[in-house]
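Below you'll find the structure, written out as structure tokens, and then a few comments.
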Amino acid sequence: MMPPTVASSHSLRRRLLLSVMTAIVLAALFQAVTAYRGALRQADEMFDYHLQQMALSMRARMPQVPSQPSQSPQPSQSPQPPLPDRDEDSDIDYLVQIWGPDGIQLFRSSHSALPPRAVLGFSDVVQGGATYRVYSIQTPYQTIQIAQDMSARLSRARALALHAMLPMALIAPLLMLVIWAVIRQSLSPLERTRRQVASRTAEDLSPLADNGLPDEVRPLVQELNLLFDRMHTVLQAQKAFVANAAHELRTPLTALKLQAQALHRAPDDATRDVAIGRLNQGIERAIRMMNQLLALARQDGEQQAAPEPVDLGPLAQAVASEMQAQAQGRGIALNLAAQGTPAWVRGDAEALRILLRNLLENAIKYTPEGGRVLVDAHMAEGAARLVVEDSGPGIPEADRERVFERFYRSEEATATTGGSGLGLSIVKTIAAQHAATVRLDASPSLGGLRVTMVFEQPAQLSGEAASSSSMSP
Amino acid sequence: MRLLLVEDDLMIGETLLDVLRAESFAVDWVKDGVMADTALQSEHYDLVLLDLGLPKRDGLEVLRALRARKDVTPVLVATARDAVAERIAGLDAGADDYVVKPYDIDELLARIRALVRRSLGRADPVVEYQGLRLNPVTREATRDVHNDGQVRTESISLSAREWAVLETLIARPGVVFSRAQIEEKLYSWKDDVSSNAVEVYIHGLRKKLGAELIQNVRGLGYVMPKPEVMPKP
């Protein structure tokens, strides 16, 4: 699995949480700021309205003497003290001053310093370190001014604004909590799967449980399970192969050990010579076995070389001449059928050479002395064919599938040759790489085994092949 | 000692055959399970050296069939299957002992000797009979010679076949072995048996060990008498 440092920066949950939380915080902030400012403005308007209304109502209550302008100072002697007093008691925020038409102050609600007369209508006045909101109206008989301490007004407005922000301030954390829980809940199957994978040993390739997984993740887990399954198959095959290989190596090694010990025990020269001969044979066999294992491992594991056009005819000729000595050693006539049209296939020349060598080795090994082996490469029905037949005992129909199994040896093979049991496995592997089919049957002409390989590739490469360097032994 | 070698690998088989023959075992070699079955049903062996991975019939099946016939012939299993479960299966199927390939030839021979000894009900590897001692490990025969009250140990040189005859008779004192029974211990299928070969070896043994040691029971065969019955020298 991924190292935690990498995983954390790609954590879906973290990302989701981060973005959703940020969105919530931003939205809440925006709402709060808007609400605050809106509340402030509304409060401002409301207070102004109050000021205005208060001034107007005061004007209505003041004595008006429109007919006696000379008496205008008189009303000041008979003000209604209780009214401003009440005002002062009930709401110290408001400061009221009233002047007569001649500018004489008729009423003053507070002892504190009050802003002087200002412009009519609304204005802001700074007086004695405090800011006042002032509203003045003028009637023919008096001028009424009502002032309100801004700091008090502001604090009230703020209180109102803060109150407007409160729901959002409460909802935002709650929302975050809920979303955190939802995300956590939604991603918990992923976490469960993660734990399941994390706690596995390298050997454990059993499928992961995909129940309860969201639709977005289930296909991934299902694909993983399919991959696990394939890996399991491959791993099992590898394990079986290694176990088999180790087991199969025991036999040649046992033979070597016995042969060496027999040599050690040999009482005379003649026995010793026999023992040395056998020891050499044993070593040869062990080497052959190793080579076969190596060839198989290579064909199994490596990516094949880039396919190139190969003419099977010259390849067969090259391998047949390599094997000639071995064939003659057993008195076997190894022949190549007359070459007709080139039999082009696309593939790995070296692998095909190994394939041919194995087929010929088998044919020579199982054919009794004095027998015949025939190799033929030709085109038939648009496909290249490679045929190797011999005059040996053949393979009974029941065994024809099994001979391709690794380390399988027919009874005859075991009793007479001591082969590795890998030859035909190698043939099969290489054939599969070249999309070729291998068929075993009885040779009509020679009576023994006939191996027919059909390379199913389209033969459209004969043109391009003509320019290639082809095979050289 | 007659031994059946069941081994499908040619190289192992021919090497073992030579080594065992040099140790004066009469060895028959078969290369598959069916042949092993046939051989075990038709002949009597003192020991079977059995490979398990056999063509045609698995070694374990051969072994089970043998035990099912109430045949107690000692079986030494020699195989490349070394998993503990395999060994247990082999022993449970009736094997007496187990060697894993690749084994040491001296160890194999020692195990063969031990199994033969046990099948004869002996604990001591050295066989003793009236002052005559056979050591199967060194293949040395010695005899105590009484001379003027002193005891001197004298070594006796025996041919492989003479050894085999003596080993057969000395293993069961008092039991009369027919000529055919003795021949069976001496020869494997491939050996040519001349008609009077056993008489020749008996004659040789009597010459080396004294005429009274091996007695001829007319019409029946040969016997080395039980020590109590034998007159004091």
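Chain labels follow the order of the structure tokens: the first chain is A, the next B, and so on; residue numbering restarts at 1 in every chain, and ligands are counted from 1 in their shown order.
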- Surrounding residues of range 329-339 of chain A excluding itself and chain neighbours under 6 positions, 10 Å, only C-alpha atoms, as JSON, numbers by chain: {"A": [313, 314, 316, 317, 320, 321, 323, 360, 363, 364, 365, 367, 368, 369, 370, 371, 372, 373, 374, 375, 376, 377, 378, 387, 388, 390, 391]}
Check which residues of chain B sit at most 9 Å from chain A using only C-alpha atoms, and return one row each with the closest pair of atoms and their distance in Å to one decimal, ordered by chain and rising number, as CSV.
```
residue,atom,partner,partner_atom,distance
B:Asp8,CA,A:Ala415,CA,6.4
B:Asp9,CA,A:Gly418,CA,6.6
B:Leu10,CA,A:Gly418,CA,6.7
B:Met11,CA,A:Ala255,CA,5.8
B:Ile12,CA,A:Ala255,CA,4.7
B:Gly13,CA,A:Ala255,CA,8.4
B:Thr15,CA,A:Gln259,CA,6.1
B:Leu16,CA,A:Leu258,CA,7.3
B:Asp18,CA,A:Ala262,CA,8.1
B:Val19,CA,A:Ala262,CA,6.4
B:Lys31,CA,A:Ala415,CA,6.8
B:Asp32,CA,A:Glu411,CA,8.2
B:Leu54,CA,A:Glu411,CA,9.0
B:Pro55,CA,A:Glu411,CA,5.7
B:Lys56,CA,A:Glu411,CA,7.2
B:Thr79,CA,A:Thr251,CA,8.9
B:Ala80,CA,A:Arg250,CA,6.3
B:Arg81,CA,A:His247,CA,7.3
B:Lys101,CA,A:Thr254,CA,5.8
B:Pro102,CA,A:Thr254,CA,4.1
B:Tyr103,CA,A:Thr254,CA,6.7
B:Asp104,CA,A:Leu258,CA,7.2
B:Ile105,CA,A:Leu258,CA,6.4
B:Asp106,CA,A:Gln261,CA,8.7
```
- Among range 144-209 of chain B, which ones does DSSP place in helix (DSSP H, G or I), written as a PyMOL selection string? chain B and resi 160-171+179-186+197-209
- Do you know which residues are at most 12 Å from range 214-225 of chain A counting only C-alpha atoms, after dropping those on the same chain fewer than 4 positions away, and could you put them as JSON, numbers by chain? {"A": [185, 186, 187, 188, 189, 190, 191, 193, 194, 196, 197, 204, 205, 206, 207, 208, 209, 210, 229, 230, 231, 232]}
- Tell me which protein, DNA and RNA residues are within 12 Å of Val84 in chain B, counting only C-alpha atoms, leaving out same-chain ones fewer than 5 positions away, and put them as a list in words. Ala89, Gly90, Leu91, Tyr98 and Val100 of chain B
